[in-house]
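Worksheet for the structure shown next.
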Amino acid sequence: MVAHMWSGSVSLCFLLIYICSVYSTEFVPLFMWESSSESHPKEEIPALATITADEFKDIVMQKLQNKPVVVIFAEESLSVEDFSWKDEAGKGSFPNLESISSESDGLTYLPFVHAPLHAFRHHLPVQGREWYNLKLGPSSLSNDDIALNETLLYVNLDDAASDEDRPDLLKRHDAVISKVYRALAERHGDVLAVYTAHHSSWQTGEETPTRRIRHLLATDLEAGDEKAYGNNRTLLYAPTMILTIGQKSTTLENGIVGGDEDLIINFPDNITVVFSFENTKSPGYWSLQGVHVTVQNELYNFSDVKIGAPLEFSYHCSQEVVFNANDNKLNISNDFQIQPYIDGRRFGAAYDCVYFFTVPIWSGLFVCTVFTIIMIFGLGMIMDIKTMDRFDDPKGKTITINVAD
Amino acid sequence: MRTTIAYLYIGFFSLLVTGIILFYLLTGRGEALSIAWFLEETSPYLWASTGIGLCVGLSVVGAAVGIYTTGASIVGGGVKAPRIKTKNLISVIFCEAVAIYGLITAIVLSGTTALEVTEVTDMVQNARKMMAAYVTFGAGLCVGLVDLFCGLCVGSVGSGAAISDAANSSLFVKILIIEIFASAIGLFGLIVGVYMTSRI
């Protein structure tokens with residue numbers, strides 16, 4: 001009983017040490033800018049240096065000599081990767097902050113600061129002012145909000161909504177920050193704005209899309225993105241579509257999408273491709289019934305298809321998908337993904353055309369399991385063999401055998 | 001040590017299976033783990049071959065364990081009572097018969113299993129092929145398991161017969177009757193196996 005309690009307390013002690021060690025090495029980035037036009041001489045700070053709390057306190061005291069209005073935007077978590085993240089078009093998460101930083105002075109960017117908010121909280125109210133706390137939701141401050149008259153403003157930025165990913169969250173916060181800062185800069189002469197966080201975020205924003213989930217948001221699709229077709233209820237991602245009728249092959253491009261539950265794509269040269277789906281044959285699953293291609297008023301049906309998945313899941317194939325009918329083929333190559341009956345504009349997780357455990361793998365596993373069971377029996381039996389030691393006598397005469405030459 | 005290995009194997013296996021099942025369940029794709037898909041998609045040759053292998057393998061294991069038990073007793077009893085040696089070989093023959101049942105069934109099943117080169121697209125023919133494969137597997141497993149336990153049983157009884165014969169020669173004939181009953185069990189398995197394969 002005592003030993004049990006002792007081991008419990010030892011493990012608790014180790015847990016606390018671990019947590020404290022993790023906390024003590026947590027660094028968050030910090031971005032400061034001022035609105036006044038005096039240029040402050042500042043010493044060069046190396047980009048990758050870690051700043052302890054004391055050093056940071058000195059930096060802050062130096063900045064606060066002119067008693068500016070201080071506004072702190074405190075994110076829940078932030079890291080250097082958030083600042084350097086760029087999406088596929090090359091745009092970062094903080095367009096407004098970039099424009100602010102180009103027009104204001106006294107920029108300070110410290111990538112690794114230990115507990116900066118602690119320094120602000122502890123040392124600033126010494127000058128006789130108190131912090132005014134604010135938590136901003138999706139609706140930002142209006143122009144004549146009472147908070148704007150305060151001289152020490154501490155703004156907690158809210159967390160992400162349930163369907164928001166990190167770049168969107170940061171863009172939203174960025175808009176809020178720029179709005180609040182500009183409202184304050186209009187009112188007061190000297191505003192010092194700080195953007196930092198409580199904790200370091202280990203994520204690099206939205207990770208690169210995994211094989212399972214593709215994001216087909218409107219923001220990701222530029223106007224000329226020809227690979228994705230989507231109407232209200234269906235999404236298709238088809239990088240290269242080649243239709244072969246008889247001897248003639250055409251690459252289908254620049255399609256205009258229509259239709260409601262069936263996906264109707266109108267290509268130039270009077271070619272229309274209709275993907276028709278149904279979800280009644282097997283409850284809980286959707287399947288592609290067939291692809292109907294109309295070329296100059298001649299209909300070709302590709303009905304021998306085996307594409308289906310449960311509802312809420314998409315079908316994905318990284319090999320080539322070929323629809324065959326007599327001599328005509330519709331060939332969709334590389335990373336075909338399709339999903340009907342969608343509510344949003346994103347693909348669901350993908351069921352791949354090649355399973356993770358294919359049938360040969362399962363067969364091999366089954367047979368190997370049978371063999372292993374047999375081998376374990378055999379091993380157990382061999383371990384049961386005992387040599388005859390009734391007549392062994394360690395102190396007796398050893399047996400000698402004379403070998404005749 | 002044997003239990004350690006067994007626990008290790010079972011523990012690892014169950015952790016792996018639990019992990020895989022939980023992954024599929026918690027990502028909402030529990031229906032992807034489908035035994036029906038496994039049974040439908042696996043090659044029928046897997047089942048047929050496994051059945052034939054198990055048939056001869058398991059029955060030979062039964063016969064081997066039986067002969068080992070009986071043989072050790074005959075040799076041991078024959079040290080003090082040499083008269084039992086010849087008479088008790090009949091127990092060994094009963095055990096051997098068990099292995100022969102398995103062998104005959106395996107040969108008969110192999111005769112019904114042939115490799116077809118053409119791809120089967122007809123649903124009815126595919127169903128018949130799968131049925132043949134499952135019957136082969138079932139018959140092989142049936143004969144194999146029955147002969148396994150029959151061999152064990154005959155061996156134990158034969159060993160007792162040898163030892164009691166060494167003590168008192170009038171007991172041997174009575175115990176032989178018990179052995180005949182034990183051998184009949186193996187025959188049951190053979191009959192059922194042959195009857196199943198007759199319907200392919």
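Just so we're on the same page: first chain in the structure tokens is A, next is B, and so on; residues restart at 1 for each chain, and ligands are numbered from 1 in the order they show up.
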
(message) Give me the residues near region 192-195 of chain B as a PyMOL selection string, where near means some atom within 9 Å (using only C-alpha atoms) and where sequence neighbours in that chain fewer than 4 positions away do not count.
(response) chain B and resi 105+108-109+136+138-143+187-188+199

(message) Residues of chain A were defined as contacting chain B if any atom lay at most 8 Å from it, counting only C-alpha atoms; please report them as an MDAnalysis selection string.
(response) chainID A and resid 359:360 362:363 367 376 380 383

(request) Would you mind telling me which residue in A:Leu288, A:Ile242, A:Val305, A:Ile264 lies nearest to Ile338 (chain A) when using only C-alpha atoms? (result)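 Selected residue with least distance to Ile338 (chain A): A:Leu288.
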
(message) My list of candidates is A:Lys386, A:His292, A:Lys329, A:His199. Which is closest to Gln247 (chain A) when distances are computed with only C-alpha atoms?
(response)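 Closest candidate: A:Lys329.
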
(request) In Å, rounded to a single decimal, give me how far CA of Pro167 (chain A) is from CA of Phe31 (chain A). (result)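 Interatomic distance, CA of Phe31 (chain A) to CA of Pro167 (chain A): 17.7 Å.
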
(message) I'd like to know which of B:Met196, B:Val56, B:Ala167, B:Leu176 is closest to Gly78 (chain B), using only C-alpha atoms.
(response) B:Ala167

Region 151-334 of chain A: residues DSSP assigns to strand (DSSP E or B), reported as an mmCIF file with N, CA and C atoms, in the first residue's frame:
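Below is the file result.cif, written as the result:
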```
data_model
loop_
_atom_site.group_PDB
_atom_site.id
_atom_site.type_symbol
_atom_site.label_atom_id
_atom_site.label_comp_id
_atom_site.auth_asym_id
_atom_site.auth_seq_id
_atom_site.Cartn_x
_atom_site.Cartn_y
_atom_site.Cartn_z
ATOM 1 N N LEU A 152 -3.830 51.358 -22.170
ATOM 2 C CA LEU A 152 -3.219 50.035 -22.163
ATOM 3 C C LEU A 152 -4.308 49.057 -22.548
ATOM 4 N N LEU A 153 -4.174 48.534 -23.750
ATOM 5 C CA LEU A 153 -5.242 47.681 -24.261
ATOM 6 C C LEU A 153 -4.689 46.276 -24.481
ATOM 7 N N TYR A 154 -5.422 45.318 -23.969
ATOM 8 C CA TYR A 154 -4.946 43.928 -24.076
ATOM 9 C C TYR A 154 -6.046 43.144 -24.780
ATOM 10 N N VAL A 155 -5.802 42.768 -25.973
ATOM 11 C CA VAL A 155 -6.847 42.140 -26.786
ATOM 12 C C VAL A 155 -6.551 40.649 -26.919
ATOM 13 N N ASN A 156 -7.490 39.830 -26.452
ATOM 14 C CA ASN A 156 -7.359 38.385 -26.665
ATOM 15 C C ASN A 156 -8.057 38.022 -27.954
ATOM 16 N N LEU A 157 -7.341 37.483 -28.887
ATOM 17 C CA LEU A 157 -7.962 37.078 -30.140
ATOM 18 C C LEU A 157 -8.612 35.712 -29.958
ATOM 19 N N VAL A 191 1.227 55.073 -30.877
ATOM 20 C CA VAL A 191 0.646 53.777 -30.525
ATOM 21 C C VAL A 191 1.716 52.717 -30.732
ATOM 22 N N LEU A 192 1.895 51.875 -29.719
ATOM 23 C CA LEU A 192 2.811 50.735 -29.843
ATOM 24 C C LEU A 192 1.944 49.479 -29.896
ATOM 25 N N ALA A 193 2.025 48.779 -30.985
ATOM 26 C CA ALA A 193 1.209 47.574 -31.145
ATOM 27 C C ALA A 193 2.103 46.345 -31.088
ATOM 28 N N VAL A 194 1.620 45.350 -30.382
ATOM 29 C CA VAL A 194 2.397 44.118 -30.199
ATOM 30 C C VAL A 194 1.523 42.938 -30.616
ATOM 31 N N TYR A 195 2.076 42.043 -31.412
ATOM 32 C CA TYR A 195 1.325 40.839 -31.797
ATOM 33 C C TYR A 195 2.120 39.627 -31.351
ATOM 34 N N THR A 196 1.567 38.899 -30.396
ATOM 35 C CA THR A 196 2.295 37.724 -29.908
ATOM 36 C C THR A 196 1.276 36.700 -29.432
ATOM 37 N N ALA A 197 1.744 35.723 -28.687
ATOM 38 C CA ALA A 197 0.829 34.633 -28.332
ATOM 39 C C ALA A 197 1.141 34.114 -26.937
ATOM 40 N N HIS A 198 0.178 33.336 -26.435
ATOM 41 C CA HIS A 198 0.389 32.716 -25.127
ATOM 42 C C HIS A 198 1.326 31.526 -25.246
ATOM 43 N N HIS A 199 1.107 30.745 -26.301
ATOM 44 C CA HIS A 199 1.893 29.515 -26.435
ATOM 45 C C HIS A 199 2.446 29.430 -27.827
ATOM 46 N N SER A 200 3.386 28.577 -27.967
ATOM 47 C CA SER A 200 3.906 28.335 -29.305
ATOM 48 C C SER A 200 3.042 27.275 -29.957
ATOM 49 N N ALA A 228 -10.788 21.076 -61.983
ATOM 50 C CA ALA A 228 -11.848 20.725 -61.061
ATOM 51 C C ALA A 228 -13.178 21.193 -61.608
ATOM 52 N N TYR A 229 -14.175 20.324 -61.513
ATOM 53 C CA TYR A 229 -15.522 20.668 -61.961
ATOM 54 C C TYR A 229 -16.446 20.461 -60.789
ATOM 55 N N GLY A 230 -17.259 21.471 -60.504
ATOM 56 C CA GLY A 230 -18.168 21.281 -59.380
ATOM 57 C C GLY A 230 -19.457 22.022 -59.573
ATOM 58 N N LEU A 235 -18.682 17.115 -56.891
ATOM 59 C CA LEU A 235 -17.351 17.643 -57.198
ATOM 60 C C LEU A 235 -16.576 16.588 -57.961
ATOM 61 N N LEU A 236 -15.833 17.065 -58.944
ATOM 62 C CA LEU A 236 -14.998 16.148 -59.715
ATOM 63 C C LEU A 236 -13.644 16.797 -59.895
ATOM 64 N N TYR A 237 -12.620 16.007 -59.711
ATOM 65 C CA TYR A 237 -11.270 16.507 -59.968
ATOM 66 C C TYR A 237 -10.652 15.588 -61.007
ATOM 67 N N THR A 240 -6.707 15.271 -66.477
ATOM 68 C CA THR A 240 -6.657 15.115 -67.939
ATOM 69 C C THR A 240 -7.761 14.172 -68.359
ATOM 70 N N MET A 241 -8.667 14.637 -69.207
ATOM 71 C CA MET A 241 -9.746 13.770 -69.699
ATOM 72 C C MET A 241 -9.569 13.609 -71.190
ATOM 73 N N ILE A 242 -9.469 12.375 -71.640
ATOM 74 C CA ILE A 242 -9.280 12.127 -73.073
ATOM 75 C C ILE A 242 -10.389 11.205 -73.530
ATOM 76 N N LEU A 243 -11.137 11.647 -74.539
ATOM 77 C CA LEU A 243 -12.250 10.854 -75.052
ATOM 78 C C LEU A 243 -11.826 10.256 -76.384
ATOM 79 N N THR A 244 -12.009 8.952 -76.514
ATOM 80 C CA THR A 244 -11.630 8.275 -77.760
ATOM 81 C C THR A 244 -12.856 7.629 -78.357
ATOM 82 N N ILE A 245 -13.308 8.148 -79.479
ATOM 83 C CA ILE A 245 -14.460 7.566 -80.203
ATOM 84 C C ILE A 245 -13.904 6.992 -81.480
ATOM 85 N N LYS A 248 -10.748 8.534 -83.244
ATOM 86 C CA LYS A 248 -10.451 9.931 -82.943
ATOM 87 C C LYS A 248 -10.329 10.147 -81.443
ATOM 88 N N SER A 249 -9.267 10.824 -81.041
ATOM 89 C CA SER A 249 -9.075 11.147 -79.625
ATOM 90 C C SER A 249 -9.157 12.631 -79.410
ATOM 91 N N THR A 250 -9.948 13.043 -78.437
ATOM 92 C CA THR A 250 -9.969 14.471 -78.115
ATOM 93 C C THR A 250 -9.681 14.642 -76.638
ATOM 94 N N THR A 251 -8.895 15.658 -76.336
ATOM 95 C CA THR A 251 -8.677 16.017 -74.937
ATOM 96 C C THR A 251 -9.748 17.005 -74.538
ATOM 97 N N LEU A 252 -10.455 16.705 -73.462
ATOM 98 C CA LEU A 252 -11.563 17.553 -73.058
ATOM 99 C C LEU A 252 -11.064 18.606 -72.095
ATOM 100 N N ILE A 256 -17.808 23.736 -69.057
ATOM 101 C CA ILE A 256 -18.715 24.545 -68.250
ATOM 102 C C ILE A 256 -19.646 23.593 -67.527
ATOM 103 N N VAL A 257 -19.771 23.804 -66.230
ATOM 104 C CA VAL A 257 -20.453 22.825 -65.401
ATOM 105 C C VAL A 257 -21.894 23.207 -65.202
ATOM 106 N N GLY A 258 -22.761 22.210 -65.223
ATOM 107 C CA GLY A 258 -24.162 22.483 -64.895
ATOM 108 C C GLY A 258 -24.750 21.275 -64.211
ATOM 109 N N LEU A 263 -23.660 15.377 -62.748
ATOM 110 C CA LEU A 263 -22.673 16.379 -63.109
ATOM 111 C C LEU A 263 -22.648 16.484 -64.622
ATOM 112 N N ILE A 264 -23.070 17.637 -65.132
ATOM 113 C CA ILE A 264 -23.129 17.827 -66.586
ATOM 114 C C ILE A 264 -22.054 18.833 -66.959
ATOM 115 N N ILE A 265 -21.152 18.431 -67.810
ATOM 116 C CA ILE A 265 -20.074 19.331 -68.215
ATOM 117 C C ILE A 265 -20.164 19.521 -69.720
ATOM 118 N N ASN A 266 -20.236 20.769 -70.135
ATOM 119 C CA ASN A 266 -20.314 21.080 -71.560
ATOM 120 C C ASN A 266 -18.958 21.531 -72.052
ATOM 121 N N PHE A 267 -18.391 20.759 -72.940
ATOM 122 C CA PHE A 267 -17.100 21.131 -73.512
ATOM 123 C C PHE A 267 -17.322 21.790 -74.859
ATOM 124 N N ILE A 271 -19.491 18.807 -77.229
ATOM 125 C CA ILE A 271 -19.335 17.562 -76.474
ATOM 126 C C ILE A 271 -19.864 17.792 -75.070
ATOM 127 N N THR A 272 -20.727 16.899 -74.636
ATOM 128 C CA THR A 272 -21.287 17.010 -73.282
ATOM 129 C C THR A 272 -21.042 15.704 -72.553
ATOM 130 N N VAL A 273 -20.557 15.824 -71.352
ATOM 131 C CA VAL A 273 -20.308 14.631 -70.539
ATOM 132 C C VAL A 273 -21.184 14.713 -69.303
ATOM 133 N N VAL A 274 -21.940 13.645 -69.073
ATOM 134 C CA VAL A 274 -22.834 13.615 -67.908
ATOM 135 C C VAL A 274 -22.429 12.449 -67.017
ATOM 136 N N PHE A 275 -22.114 12.757 -65.760
ATOM 137 C CA PHE A 275 -21.861 11.702 -64.778
ATOM 138 C C PHE A 275 -23.140 11.537 -63.978
ATOM 139 N N SER A 276 -23.745 10.368 -64.023
ATOM 140 C CA SER A 276 -24.981 10.212 -63.264
ATOM 141 C C SER A 276 -24.777 9.244 -62.105
ATOM 142 N N PHE A 277 -25.308 9.634 -60.971
ATOM 143 C CA PHE A 277 -25.106 8.896 -59.729
ATOM 144 C C PHE A 277 -26.415 8.384 -59.188
ATOM 145 N N GLU A 278 -26.316 7.423 -58.317
ATOM 146 C CA GLU A 278 -27.516 7.030 -57.596
ATOM 147 C C GLU A 278 -27.105 6.505 -56.222
ATOM 148 N N TYR A 285 -24.508 4.152 -49.402
ATOM 149 C CA TYR A 285 -23.442 4.224 -50.392
ATOM 150 C C TYR A 285 -23.937 4.977 -51.612
ATOM 151 N N TRP A 286 -23.039 5.710 -52.249
ATOM 152 C CA TRP A 286 -23.369 6.270 -53.564
ATOM 153 C C TRP A 286 -22.560 5.501 -54.582
ATOM 154 N N SER A 287 -23.090 5.436 -55.798
ATOM 155 C CA SER A 287 -22.292 4.823 -56.854
ATOM 156 C C SER A 287 -22.501 5.567 -58.156
ATOM 157 N N LEU A 288 -21.483 5.512 -58.990
ATOM 158 C CA LEU A 288 -21.569 6.135 -60.295
ATOM 159 C C LEU A 288 -22.287 5.167 -61.209
ATOM 160 N N GLN A 289 -23.478 5.591 -61.676
ATOM 161 C CA GLN A 289 -24.252 4.681 -62.509
ATOM 162 C C GLN A 289 -23.617 4.553 -63.889
ATOM 163 N N GLY A 290 -23.257 5.688 -64.453
ATOM 164 C CA GLY A 290 -22.655 5.627 -65.768
ATOM 165 C C GLY A 290 -22.249 7.010 -66.226
ATOM 166 N N VAL A 291 -21.462 7.017 -67.269
ATOM 167 C CA VAL A 291 -21.052 8.275 -67.875
ATOM 168 C C VAL A 291 -21.668 8.322 -69.263
ATOM 169 N N HIS A 292 -22.433 9.369 -69.550
ATOM 170 C CA HIS A 292 -23.083 9.484 -70.859
ATOM 171 C C HIS A 292 -22.433 10.629 -71.602
ATOM 172 N N VAL A 293 -21.838 10.306 -72.715
ATOM 173 C CA VAL A 293 -21.129 11.318 -73.499
ATOM 174 C C VAL A 293 -21.904 11.573 -74.776
ATOM 175 N N THR A 294 -22.181 12.823 -75.022
ATOM 176 C CA THR A 294 -22.880 13.184 -76.256
ATOM 177 C C THR A 294 -21.921 13.967 -77.130
ATOM 178 N N VAL A 295 -21.587 13.403 -78.289
ATOM 179 C CA VAL A 295 -20.704 14.076 -79.232
ATOM 180 C C VAL A 295 -21.511 14.402 -80.467
ATOM 181 N N GLU A 298 -24.665 12.502 -80.816
ATOM 182 C CA GLU A 298 -24.605 11.038 -80.762
ATOM 183 C C GLU A 298 -24.261 10.637 -79.351
ATOM 184 N N LEU A 299 -25.063 9.733 -78.798
ATOM 185 C CA LEU A 299 -24.902 9.406 -77.377
ATOM 186 C C LEU A 299 -24.065 8.147 -77.212
ATOM 187 N N TYR A 300 -23.076 8.207 -76.355
ATOM 188 C CA TYR A 300 -22.299 7.026 -76.018
ATOM 189 C C TYR A 300 -22.415 6.808 -74.523
ATOM 190 N N ASN A 301 -22.785 5.608 -74.143
ATOM 191 C CA ASN A 301 -22.963 5.312 -72.717
ATOM 192 C C ASN A 301 -21.836 4.436 -72.218
ATOM 193 N N PHE A 302 -21.231 4.850 -71.134
ATOM 194 C CA PHE A 302 -20.253 4.004 -70.472
ATOM 195 C C PHE A 302 -20.883 3.555 -69.179
ATOM 196 N N GLY A 308 -17.723 3.671 -56.529
ATOM 197 C CA GLY A 308 -18.683 3.943 -55.476
ATOM 198 C C GLY A 308 -17.957 4.084 -54.161
ATOM 199 N N ALA A 309 -18.666 4.636 -53.212
ATOM 200 C CA ALA A 309 -18.068 4.814 -51.883
ATOM 201 C C ALA A 309 -19.233 5.088 -50.939
ATOM 202 N N PRO A 310 -19.012 5.031 -49.637
ATOM 203 C CA PRO A 310 -20.098 5.436 -48.755
ATOM 204 C C PRO A 310 -20.377 6.923 -48.923
ATOM 205 N N SER A 314 -15.328 10.340 -50.629
ATOM 206 C CA SER A 314 -15.114 10.495 -52.064
ATOM 207 C C SER A 314 -14.354 9.279 -52.566
ATOM 208 N N TYR A 315 -14.334 9.145 -53.876
ATOM 209 C CA TYR A 315 -13.606 8.049 -54.511
ATOM 210 C C TYR A 315 -12.395 8.651 -55.173
ATOM 211 N N HIS A 316 -11.266 8.057 -54.918
ATOM 212 C CA HIS A 316 -10.027 8.621 -55.461
ATOM 213 C C HIS A 316 -9.213 7.506 -56.105
ATOM 214 N N CYS A 317 -8.572 7.830 -57.200
ATOM 215 C CA CYS A 317 -7.727 6.822 -57.831
ATOM 216 C C CYS A 317 -6.517 7.527 -58.397
ATOM 217 N N VAL A 321 -8.062 6.042 -64.811
ATOM 218 C CA VAL A 321 -9.420 5.501 -64.783
ATOM 219 C C VAL A 321 -9.936 5.465 -66.207
ATOM 220 N N VAL A 322 -10.307 4.282 -66.681
ATOM 221 C CA VAL A 322 -10.744 4.144 -68.069
ATOM 222 C C VAL A 322 -12.164 3.623 -68.078
ATOM 223 N N PHE A 323 -13.041 4.331 -68.763
ATOM 224 C CA PHE A 323 -14.398 3.844 -68.980
ATOM 225 C C PHE A 323 -14.456 3.266 -70.376
ATOM 226 N N ASN A 324 -14.865 2.014 -70.471
ATOM 227 C CA ASN A 324 -14.849 1.327 -71.768
ATOM 228 C C ASN A 324 -16.239 1.008 -72.222
ATOM 229 N N ALA A 325 -16.481 1.165 -73.523
ATOM 230 C CA ALA A 325 -17.744 0.669 -74.082
ATOM 231 C C ALA A 325 -17.485 0.368 -75.530
ATOM 232 N N ASN A 328 -15.063 2.547 -77.674
ATOM 233 C CA ASN A 328 -14.921 3.926 -77.258
ATOM 234 C C ASN A 328 -14.420 3.962 -75.827
ATOM 235 N N LYS A 329 -13.592 4.940 -75.570
ATOM 236 C CA LYS A 329 -12.999 5.000 -74.227
ATOM 237 C C LYS A 329 -13.040 6.419 -73.709
ATOM 238 N N LEU A 330 -13.258 6.551 -72.433
ATOM 239 C CA LEU A 330 -13.046 7.837 -71.782
ATOM 240 C C LEU A 330 -11.972 7.610 -70.736
ATOM 241 N N ASN A 331 -10.907 8.357 -70.869
ATOM 242 C CA ASN A 331 -9.702 8.082 -70.108
ATOM 243 C C ASN A 331 -9.419 9.273 -69.201
ATOM 244 N N ILE A 332 -9.463 9.052 -67.907
ATOM 245 C CA ILE A 332 -9.175 10.158 -66.990
ATOM 246 C C ILE A 332 -7.909 9.779 -66.246
ATOM 247 N N SER A 333 -6.863 10.618 -66.393
ATOM 248 C CA SER A 333 -5.602 10.138 -65.828
ATOM 249 C C SER A 333 -5.168 10.948 -64.624
#
```

(request) Fewer than 6 positions away in the same chain doesn't count, so skip those; otherwise give me all residues within 7 Å of Ala48 (chain B), counting only C-alpha atoms, as a list in words. (result)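 My list of contacting residues is Ala133, Tyr134, Thr136 and Phe137 of chain B.
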
(request) Find the residue from B:Val124, B:Ala132, B:Val98, B:Ala161 that sits nearest to Gly189 (chain B); use only C-alpha atoms when measuring. (result)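 With only C-alpha atoms as the atom set, the closest residue is B:Val98.
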
(message) Using Å and a single decimal, report how far CA of His122 (chain A) sits from CA of Leu170 (chain A).
(response) 27.2 Å

(request) Could you jot down the CA of Leu22 (chain B) to CA of Met375 (chain A) separation for me, Å, one decimal place? (result)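 These two atoms are separated by 29.0 Å.
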
(request) With a distance cut-off of 12 Å and only C-alpha atoms, select the neighbouring residues of Lys85 (chain B), excluding the residue or stretch itself and same-chain residues fewer than 6 positions from it, and output the selection as an MDAnalysis selection string. (result) chainID B and resid 70:79 91:92 161:163 165:166 169

Selected residues written out, all heavy atoms, as a tab-separated table (two decimals), in the first residue's frame:
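The resulting file, out-v8.tsv, is reproduced below:
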```tsv
chain	number	residue	atom	x	y	z
B	70	THR	N	2.17	-44.92	-28.52
B	70	THR	CA	2.10	-46.38	-28.47
B	70	THR	C	3.49	-47.00	-28.56
B	70	THR	O	3.82	-47.94	-27.80
B	70	THR	CB	1.26	-46.87	-29.66
B	70	THR	OG1	0.00	-46.23	-29.62
B	70	THR	CG2	1.07	-48.35	-29.60
B	71	GLY	N	4.29	-46.50	-29.46
B	71	GLY	CA	5.61	-47.10	-29.66
B	71	GLY	C	6.45	-47.02	-28.40
B	71	GLY	O	7.14	-47.99	-28.03
B	72	ALA	N	6.40	-45.86	-27.75
B	72	ALA	CA	7.20	-45.74	-26.54
B	72	ALA	C	6.74	-46.74	-25.48
B	72	ALA	O	7.55	-47.36	-24.78
B	72	ALA	CB	7.09	-44.31	-26.00
B	73	SER	N	5.43	-46.95	-25.40
B	73	SER	CA	4.94	-47.89	-24.39
B	73	SER	C	5.30	-49.33	-24.75
B	73	SER	O	5.66	-50.13	-23.87
B	73	SER	CB	3.41	-47.79	-24.29
B	73	SER	OG	3.06	-46.53	-23.83
B	74	ILE	N	5.20	-49.67	-26.03
B	74	ILE	CA	5.54	-51.05	-26.43
B	74	ILE	C	7.01	-51.32	-26.14
B	74	ILE	O	7.38	-52.37	-25.58
B	74	ILE	CB	5.23	-51.27	-27.92
B	74	ILE	CG1	3.73	-51.16	-28.17
B	74	ILE	CG2	5.75	-52.62	-28.38
B	74	ILE	CD1	3.36	-51.26	-29.62
B	75	VAL	N	7.84	-50.38	-26.52
B	75	VAL	CA	9.28	-50.61	-26.31
B	75	VAL	C	9.58	-50.69	-24.82
B	75	VAL	O	10.34	-51.55	-24.36
B	75	VAL	CB	10.06	-49.46	-26.98
B	75	VAL	CG1	11.49	-49.45	-26.51
B	75	VAL	CG2	10.01	-49.60	-28.48
B	76	GLY	N	8.95	-49.80	-24.07
B	76	GLY	CA	9.21	-49.84	-22.63
B	76	GLY	C	8.70	-51.10	-21.97
B	76	GLY	O	9.38	-51.72	-21.15
B	77	GLY	N	7.45	-51.48	-22.36
B	77	GLY	CA	6.91	-52.72	-21.78
B	77	GLY	C	7.64	-53.94	-22.25
B	77	GLY	O	7.74	-54.95	-21.53
B	78	GLY	N	8.18	-53.89	-23.46
B	78	GLY	CA	8.87	-55.05	-24.01
B	78	GLY	C	10.17	-55.36	-23.32
B	78	GLY	O	10.76	-56.42	-23.52
B	79	VAL	N	10.64	-54.46	-22.51
B	79	VAL	CA	11.89	-54.75	-21.79
B	79	VAL	C	11.67	-55.92	-20.84
B	79	VAL	O	12.46	-56.86	-20.80
B	79	VAL	CB	12.33	-53.50	-20.99
B	79	VAL	CG1	13.44	-53.84	-20.03
B	79	VAL	CG2	12.77	-52.40	-21.95
B	91	SER	N	-1.78	-51.92	-32.71
B	91	SER	CA	-2.15	-50.55	-32.33
B	91	SER	C	-1.47	-49.56	-33.26
B	91	SER	O	-2.07	-48.55	-33.68
B	91	SER	CB	-1.70	-50.26	-30.89
B	91	SER	OG	-2.22	-51.20	-30.02
B	92	VAL	N	-0.23	-49.87	-33.60
B	92	VAL	CA	0.49	-48.97	-34.51
B	92	VAL	C	-0.18	-48.96	-35.87
B	92	VAL	O	-0.27	-47.93	-36.54
B	92	VAL	CB	1.97	-49.41	-34.61
B	92	VAL	CG1	2.72	-48.52	-35.58
B	92	VAL	CG2	2.63	-49.37	-33.24
B	161	ALA	N	-2.97	-50.29	-23.72
B	161	ALA	CA	-3.09	-51.72	-24.04
B	161	ALA	C	-1.74	-52.42	-23.90
B	161	ALA	O	-1.65	-53.53	-23.34
B	161	ALA	CB	-3.61	-51.87	-25.48
B	162	ALA	N	-0.69	-51.79	-24.38
B	162	ALA	CA	0.63	-52.42	-24.30
B	162	ALA	C	1.04	-52.63	-22.86
B	162	ALA	O	1.53	-53.70	-22.48
B	162	ALA	CB	1.65	-51.55	-25.04
B	163	ILE	N	0.84	-51.61	-22.06
B	163	ILE	CA	1.30	-51.70	-20.67
B	163	ILE	C	0.48	-52.74	-19.90
B	163	ILE	O	1.02	-53.55	-19.12
B	163	ILE	CB	1.23	-50.32	-20.01
B	163	ILE	CG1	2.28	-49.42	-20.66
B	163	ILE	CG2	1.46	-50.41	-18.53
B	163	ILE	CD1	2.22	-48.00	-20.20
B	165	ASP	N	-1.09	-55.26	-21.22
B	165	ASP	CA	-0.76	-56.57	-21.76
B	165	ASP	C	0.53	-57.08	-21.13
B	165	ASP	O	0.67	-58.28	-20.85
B	165	ASP	CB	-0.60	-56.46	-23.28
B	165	ASP	CG	-0.39	-57.81	-23.92
B	165	ASP	OD1	-0.78	-58.83	-23.31
B	165	ASP	OD2	0.15	-57.85	-25.04
B	166	ALA	N	1.44	-56.21	-20.91
B	166	ALA	CA	2.68	-56.63	-20.25
B	166	ALA	C	2.38	-57.13	-18.84
B	166	ALA	O	3.03	-58.06	-18.35
B	166	ALA	CB	3.66	-55.47	-20.21
B	169	SER	N	-1.76	-60.89	-19.77
B	169	SER	CA	-2.02	-61.03	-21.20
B	169	SER	C	-3.47	-61.16	-21.55
B	169	SER	O	-3.84	-60.98	-22.70
B	169	SER	CB	-1.32	-62.24	-21.82
B	169	SER	OG	-0.69	-62.99	-20.91
```

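Nearest residue to Cys150 (chain B), choosing from B:Ser59, B:Ser49, B:Thr197, B:Thr69 and counting only C-alpha atoms: B:Ser59.
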